[in-house]
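Next up, my_file.cif (mmCIF, C-alpha atoms):
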```
data_input
#
loop_
_atom_site.label_atom_id
_atom_site.label_comp_id
_atom_site.auth_asym_id
_atom_site.auth_seq_id
_atom_site.Cartn_x
_atom_site.Cartn_y
_atom_site.Cartn_z
CA MET J 14 -11.55 7.71 56.53
CA THR J 15 -10.25 5.19 54.00
CA VAL J 16 -9.46 1.66 55.13
CA GLU J 17 -6.97 -0.37 53.09
CA MET J 18 -6.13 -4.05 53.39
CA LEU J 19 -4.51 -6.84 51.40
CA VAL J 20 -6.87 -9.47 50.02
CA PRO J 21 -6.51 -12.34 47.54
CA CYS J 22 -7.09 -11.09 43.99
CA PRO J 23 -10.38 -12.50 42.64
CA ASN J 24 -8.63 -13.08 39.31
CA CYS J 25 -5.10 -14.42 39.99
CA LYS J 26 -5.21 -15.07 43.79
CA GLU J 27 -2.06 -12.95 44.39
CA LYS J 28 -2.19 -10.11 46.94
CA ALA J 29 -4.38 -7.19 45.91
CA VAL J 30 -5.12 -3.92 47.66
CA MET J 31 -8.71 -3.36 48.72
CA SER J 32 -9.75 0.07 49.93
CA GLU J 33 -13.09 1.12 51.33
CA VAL J 34 -14.48 4.49 52.31
CA ILE J 35 -17.92 5.62 53.42
CA TYR J 36 -18.93 8.66 51.42
CA GLU J 37 -21.96 10.93 51.73
CA MET J 38 -23.33 11.38 48.20
CA PRO J 39 -25.74 14.23 47.47
CA PHE J 40 -29.28 12.98 46.67
CA PHE J 41 -28.11 9.43 47.42
CA GLY J 42 -27.07 9.21 51.06
CA GLU J 43 -24.24 7.23 52.56
CA ALA J 44 -22.47 4.79 50.27
CA LEU J 45 -19.60 2.38 50.68
CA ILE J 46 -17.09 2.86 47.87
CA THR J 47 -14.87 -0.20 47.41
CA THR J 48 -11.94 -0.69 45.06
CA ILE J 49 -9.75 -3.74 44.54
CA SER J 50 -6.55 -3.35 42.55
CA CYS J 51 -4.02 -6.07 41.72
CA ALA J 52 -0.52 -5.02 40.62
CA ASN J 53 0.20 -8.59 39.43
CA CYS J 54 -2.56 -9.14 36.84
CA LYS J 55 -3.90 -5.52 36.62
CA TYR J 56 -7.35 -6.63 37.80
CA LYS J 57 -9.47 -3.71 38.97
CA LEU J 58 -12.89 -3.61 40.59
CA ASN J 59 -14.84 -0.53 41.66
CA ASP J 60 -18.15 -0.70 43.44
CA VAL J 61 -20.57 1.75 45.01
CA ILE J 62 -22.95 0.22 47.53
CA ALA J 63 -25.73 2.23 49.12
CA LEU J 64 -25.96 1.73 52.85
CA LYS J 65 -29.75 2.05 52.89
CA GLU J 66 -32.49 0.80 50.60
CA ASN J 67 -34.94 3.20 48.97
CA ASN J 68 -38.10 2.86 46.89
CA PRO J 69 -37.63 1.60 43.30
CA LYS J 70 -36.68 4.33 40.84
CA ILE J 71 -36.63 4.84 37.10
CA TYR J 72 -34.84 7.80 35.57
CA LYS J 73 -35.24 8.78 31.90
CA LYS J 74 -33.36 11.65 30.35
CA ILE J 75 -33.12 12.73 26.72
CA ILE J 76 -29.53 13.72 26.03
CA LYS J 77 -29.47 16.41 23.37
CA THR J 78 -26.93 19.06 24.42
CA LYS J 79 -23.25 19.05 25.38
CA LYS J 80 -24.36 20.23 28.84
CA ASP J 81 -26.43 17.03 29.27
CA MET J 82 -23.22 14.98 28.96
CA PHE J 83 -22.16 16.28 32.40
CA LEU J 84 -25.16 14.87 34.28
CA LYS J 85 -23.96 12.58 37.08
CA VAL J 86 -24.92 8.91 36.88
CA ILE J 87 -24.77 6.82 40.04
CA ARG J 88 -25.36 3.16 39.25
CA ASN J 89 -25.87 0.54 41.92
CA SER J 90 -24.47 -2.84 40.84
CA ASN J 91 -28.06 -4.14 40.64
CA ALA J 92 -29.33 -1.40 38.31
CA THR J 93 -29.93 -1.52 34.55
CA ILE J 94 -28.94 1.21 32.09
CA LYS J 95 -30.60 1.32 28.67
CA ILE J 96 -30.16 3.38 25.53
CA LYS J 97 -33.18 2.17 23.57
CA GLU J 98 -32.36 4.07 20.37
CA PHE J 99 -29.17 2.00 20.07
CA GLY J 100 -30.60 -1.22 21.50
CA LEU J 101 -27.98 -1.17 24.27
CA GLU J 102 -28.56 -2.43 27.78
CA LEU J 103 -26.18 -2.81 30.73
CA LYS J 104 -27.83 -5.36 33.02
CA PRO J 105 -26.78 -6.52 36.47
CA ALA J 106 -24.84 -9.77 36.50
CA ASP J 107 -22.39 -11.64 38.71
CA PHE J 108 -19.50 -9.30 39.54
CA SER J 109 -21.35 -6.22 38.21
CA GLU J 110 -19.82 -2.99 39.38
CA GLY J 111 -21.55 0.01 40.81
CA PHE J 112 -20.09 3.30 39.68
CA MET J 113 -20.37 7.05 39.69
CA THR J 114 -19.64 8.82 36.40
CA ASN J 115 -21.30 11.17 33.92
CA ILE J 116 -23.26 10.48 30.71
CA GLU J 117 -20.06 10.45 28.65
CA GLY J 118 -18.61 7.89 31.09
CA VAL J 119 -21.64 5.65 30.55
CA LEU J 120 -21.13 5.92 26.78
CA ASN J 121 -17.45 5.03 27.28
CA LYS J 122 -18.50 1.90 29.19
CA PHE J 123 -20.81 0.83 26.36
CA GLU J 124 -18.09 1.60 23.79
CA ASN J 125 -15.51 -0.49 25.68
CA ILE J 126 -17.92 -3.43 25.88
CA LEU J 127 -18.62 -3.14 22.14
CA LEU J 128 -14.90 -2.96 21.33
CA GLN J 129 -14.31 -6.15 23.34
CA LEU J 130 -17.24 -7.79 21.58
CA GLN J 131 -15.82 -6.75 18.21
CA LYS J 132 -12.62 -8.71 19.01
CA SER J 133 -14.57 -11.87 19.79
CA LYS J 134 -15.52 -14.51 17.27
CA LEU J 135 -18.68 -13.23 15.63
CA ALA J 136 -20.38 -13.87 12.34
CA GLU J 137 -19.74 -11.17 9.71
CA LYS J 138 -23.31 -9.83 10.04
CA GLN J 139 -22.90 -9.51 13.83
CA LYS J 140 -19.52 -7.76 13.47
CA LYS J 141 -21.12 -5.24 11.11
CA LYS J 142 -23.88 -4.55 13.67
CA VAL J 143 -21.27 -4.06 16.44
CA LEU J 144 -19.34 -1.60 14.23
CA GLU J 145 -22.55 0.33 13.56
CA LEU J 146 -23.24 0.53 17.30
CA ILE J 147 -19.69 1.74 18.00
CA GLU J 148 -20.20 4.52 15.44
CA LYS J 149 -23.53 5.52 17.03
CA VAL J 150 -21.92 5.69 20.48
CA LYS J 151 -19.07 7.81 19.10
CA LYS J 152 -21.55 10.20 17.45
CA ALA J 153 -23.50 10.40 20.73
CA LYS J 154 -20.27 11.27 22.60
CA GLU J 155 -19.62 14.02 20.03
CA ASN J 156 -23.20 15.25 20.63
CA LYS J 157 -24.12 14.66 16.98
CA ILE J 158 -27.19 12.54 17.78
CA LYS J 159 -29.66 12.70 20.62
CA PHE J 160 -30.59 9.64 22.67
CA THR J 161 -32.49 8.66 25.79
CA ILE J 162 -30.73 7.16 28.77
CA GLU J 163 -32.85 5.10 31.15
CA LEU J 164 -31.68 4.01 34.60
CA ILE J 165 -33.81 1.38 36.36
CA ASP J 166 -33.09 0.36 39.95
CA LYS J 167 -35.45 -1.78 42.03
CA SER J 168 -33.50 -0.91 45.20
CA GLY J 169 -33.77 2.82 44.49
CA ASN J 170 -30.06 3.31 45.08
CA SER J 171 -29.13 4.72 41.67
CA ALA J 172 -29.69 8.18 40.26
CA ILE J 173 -29.16 10.63 37.44
CA ILE J 174 -28.54 14.05 38.96
CA LYS J 175 -27.63 17.53 37.78
CA GLU J 176 -24.22 18.73 38.92
CA LYS J 177 -25.54 22.01 40.38
CA LEU J 178 -28.89 20.69 41.63
CA LYS J 179 -29.62 21.77 45.20
#
```
Show me, as structure tokens, the structure contained in the file I just sent.
Amino acid sequence: MTVEMLVPCPNCKEKAVMSEVIYEMPFFGEALITTISCANCKYKLNDVIALKENNPKIYKKIIKTKKDMFLKVIRNSNATIKIKEFGLELKPADFSEGFMTNIEGVLNKFENILLQLQKSKLAEKQKKKVLELIEKVKKAKENKIKFTIELIDKSGNSAIIKEKLK
């Protein structure tokens, strides 16, 4: 059952819609999925919060085939995702979001961050490095280069799982 309520938007303080649902995730257990959406400023927040704590976990997976791109990634807002070959790391921070996606979705998140970084005021050398990283991520999404994804979660509430795993 989904619960919806109006809350002040964390960004503009106008009314935003917050919805919450408890969802049973395979290999993960019960999780609270929360979304906040503001029609005024277009702010959006998604979070997945495990309702129980597990032992710390580290997942490492070499992504080399198109099939690997469909692996599910469940990231708790306190987990870190690394792609060492590219030097990329998504660390927990204030207002970090938990999410459930696939490997391609993780690459899209990195690409979006890099595109935002590219628009910021950087030295020419740094802009060149960001462009190189964007190209690597694009090639990875096209399955032209292999890479290793690492998911580290001290609370044990994140996972990389196969779609058809039983």
Expansion of the PyMOL selection byres ((chain J and resi 101) around 12) into residues, as a ChimeraX atom specification: /J:93-100,102-104,119-120,122-124,126-127,142-143,146-147,149-150,160-163
Saved selection, atoms kept: C-alpha atoms, as a PDB file, in the frame of the given file:
```pdb
ATOM      1  CA  THR J  93     -29.930  -1.520  34.550  1.00  0.00           C
ATOM      2  CA  ILE J  94     -28.940   1.210  32.090  1.00  0.00           C
ATOM      3  CA  LYS J  95     -30.600   1.320  28.670  1.00  0.00           C
ATOM      4  CA  ILE J  96     -30.160   3.380  25.530  1.00  0.00           C
ATOM      5  CA  LYS J  97     -33.180   2.170  23.570  1.00  0.00           C
ATOM      6  CA  GLU J  98     -32.360   4.070  20.370  1.00  0.00           C
ATOM      7  CA  PHE J  99     -29.170   2.000  20.070  1.00  0.00           C
ATOM      8  CA  GLY J 100     -30.600  -1.220  21.500  1.00  0.00           C
ATOM      9  CA  GLU J 102     -28.560  -2.430  27.780  1.00  0.00           C
ATOM     10  CA  LEU J 103     -26.180  -2.810  30.730  1.00  0.00           C
ATOM     11  CA  LYS J 104     -27.830  -5.360  33.020  1.00  0.00           C
ATOM     12  CA  VAL J 119     -21.640   5.650  30.550  1.00  0.00           C
ATOM     13  CA  LEU J 120     -21.130   5.920  26.780  1.00  0.00           C
ATOM     14  CA  LYS J 122     -18.500   1.900  29.190  1.00  0.00           C
ATOM     15  CA  PHE J 123     -20.810   0.830  26.360  1.00  0.00           C
ATOM     16  CA  GLU J 124     -18.090   1.600  23.790  1.00  0.00           C
ATOM     17  CA  ILE J 126     -17.920  -3.430  25.880  1.00  0.00           C
ATOM     18  CA  LEU J 127     -18.620  -3.140  22.140  1.00  0.00           C
ATOM     19  CA  LYS J 142     -23.880  -4.550  13.670  1.00  0.00           C
ATOM     20  CA  VAL J 143     -21.270  -4.060  16.440  1.00  0.00           C
ATOM     21  CA  LEU J 146     -23.240   0.530  17.300  1.00  0.00           C
ATOM     22  CA  ILE J 147     -19.690   1.740  18.000  1.00  0.00           C
ATOM     23  CA  LYS J 149     -23.530   5.520  17.030  1.00  0.00           C
ATOM     24  CA  VAL J 150     -21.920   5.690  20.480  1.00  0.00           C
ATOM     25  CA  PHE J 160     -30.590   9.640  22.670  1.00  0.00           C
ATOM     26  CA  THR J 161     -32.490   8.660  25.790  1.00  0.00           C
ATOM     27  CA  ILE J 162     -30.730   7.160  28.770  1.00  0.00           C
ATOM     28  CA  GLU J 163     -32.850   5.100  31.150  1.00  0.00           C
TER      29      GLU J 163
END
```
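Counting from atom CA of J:Glu155, the distance to atom CA of J:Lys73 is 20.3 Å.
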Care to translate the PyMOL selection byres ((chain J and resi 17) around 7) into actual residues of this file, as a compact mmCIF listing (two decimals) with C-alpha atoms, keeping the file's coordinate frame?
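Full text of part.txt as output:
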```txt
# COMPACT_ATOMS: atom_id res chain seq x y z
CA THR J 15 -10.25 5.19 54.00
CA VAL J 16 -9.46 1.66 55.13
CA MET J 18 -6.13 -4.05 53.39
CA VAL J 30 -5.12 -3.92 47.66
CA MET J 31 -8.71 -3.36 48.72
CA SER J 32 -9.75 0.07 49.93
CA GLU J 33 -13.09 1.12 51.33
```
Selection: 12 Å around stretch 170-175 of chain J, all atoms listed in the file, excl. self and same-chain fewer than 5 positions, as a ChimeraX atom specification: /J:38-45,61-76,80-94,111-116,119,162-165
Non-local contacts of J:Cys22 (12 Å; only C-alpha atoms; under 2 positions in same chain excluded) as a ChimeraX atom specification: /J:18-20,24-31,48-58
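Each of J:Asp166, J:Glu117, J:Glu110, J:Glu37 was checked against J:Ala153 using all atoms listed in the file; the smallest atom-to-atom distance is that of J:Glu117.
If all atoms listed in the file are the atoms counted, then among J:Val34, J:Thr47, J:Lys79, J:Asp107 the closest residue to J:Asn156 is J:Lys79.
One finds atom CA of J:Lys151 at 14.9 Å from atom CA of J:Gln131.
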Edge lengths and centre in Å, axis-aligned, stretch 49-59 of chain J plus 4 Å each side, as AutoDock Vina command-line options:
```
--center_x -7.3 --center_y -4.8 --center_z 40.6 --size_x 23.0 --size_y 16.6 --size_z 15.9
```
Separation of atom CA of J:Leu144 from atom CA of J:Leu128, in Å and rounded to one decimal: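 Between these atoms lies a distance of 8.5 Å.
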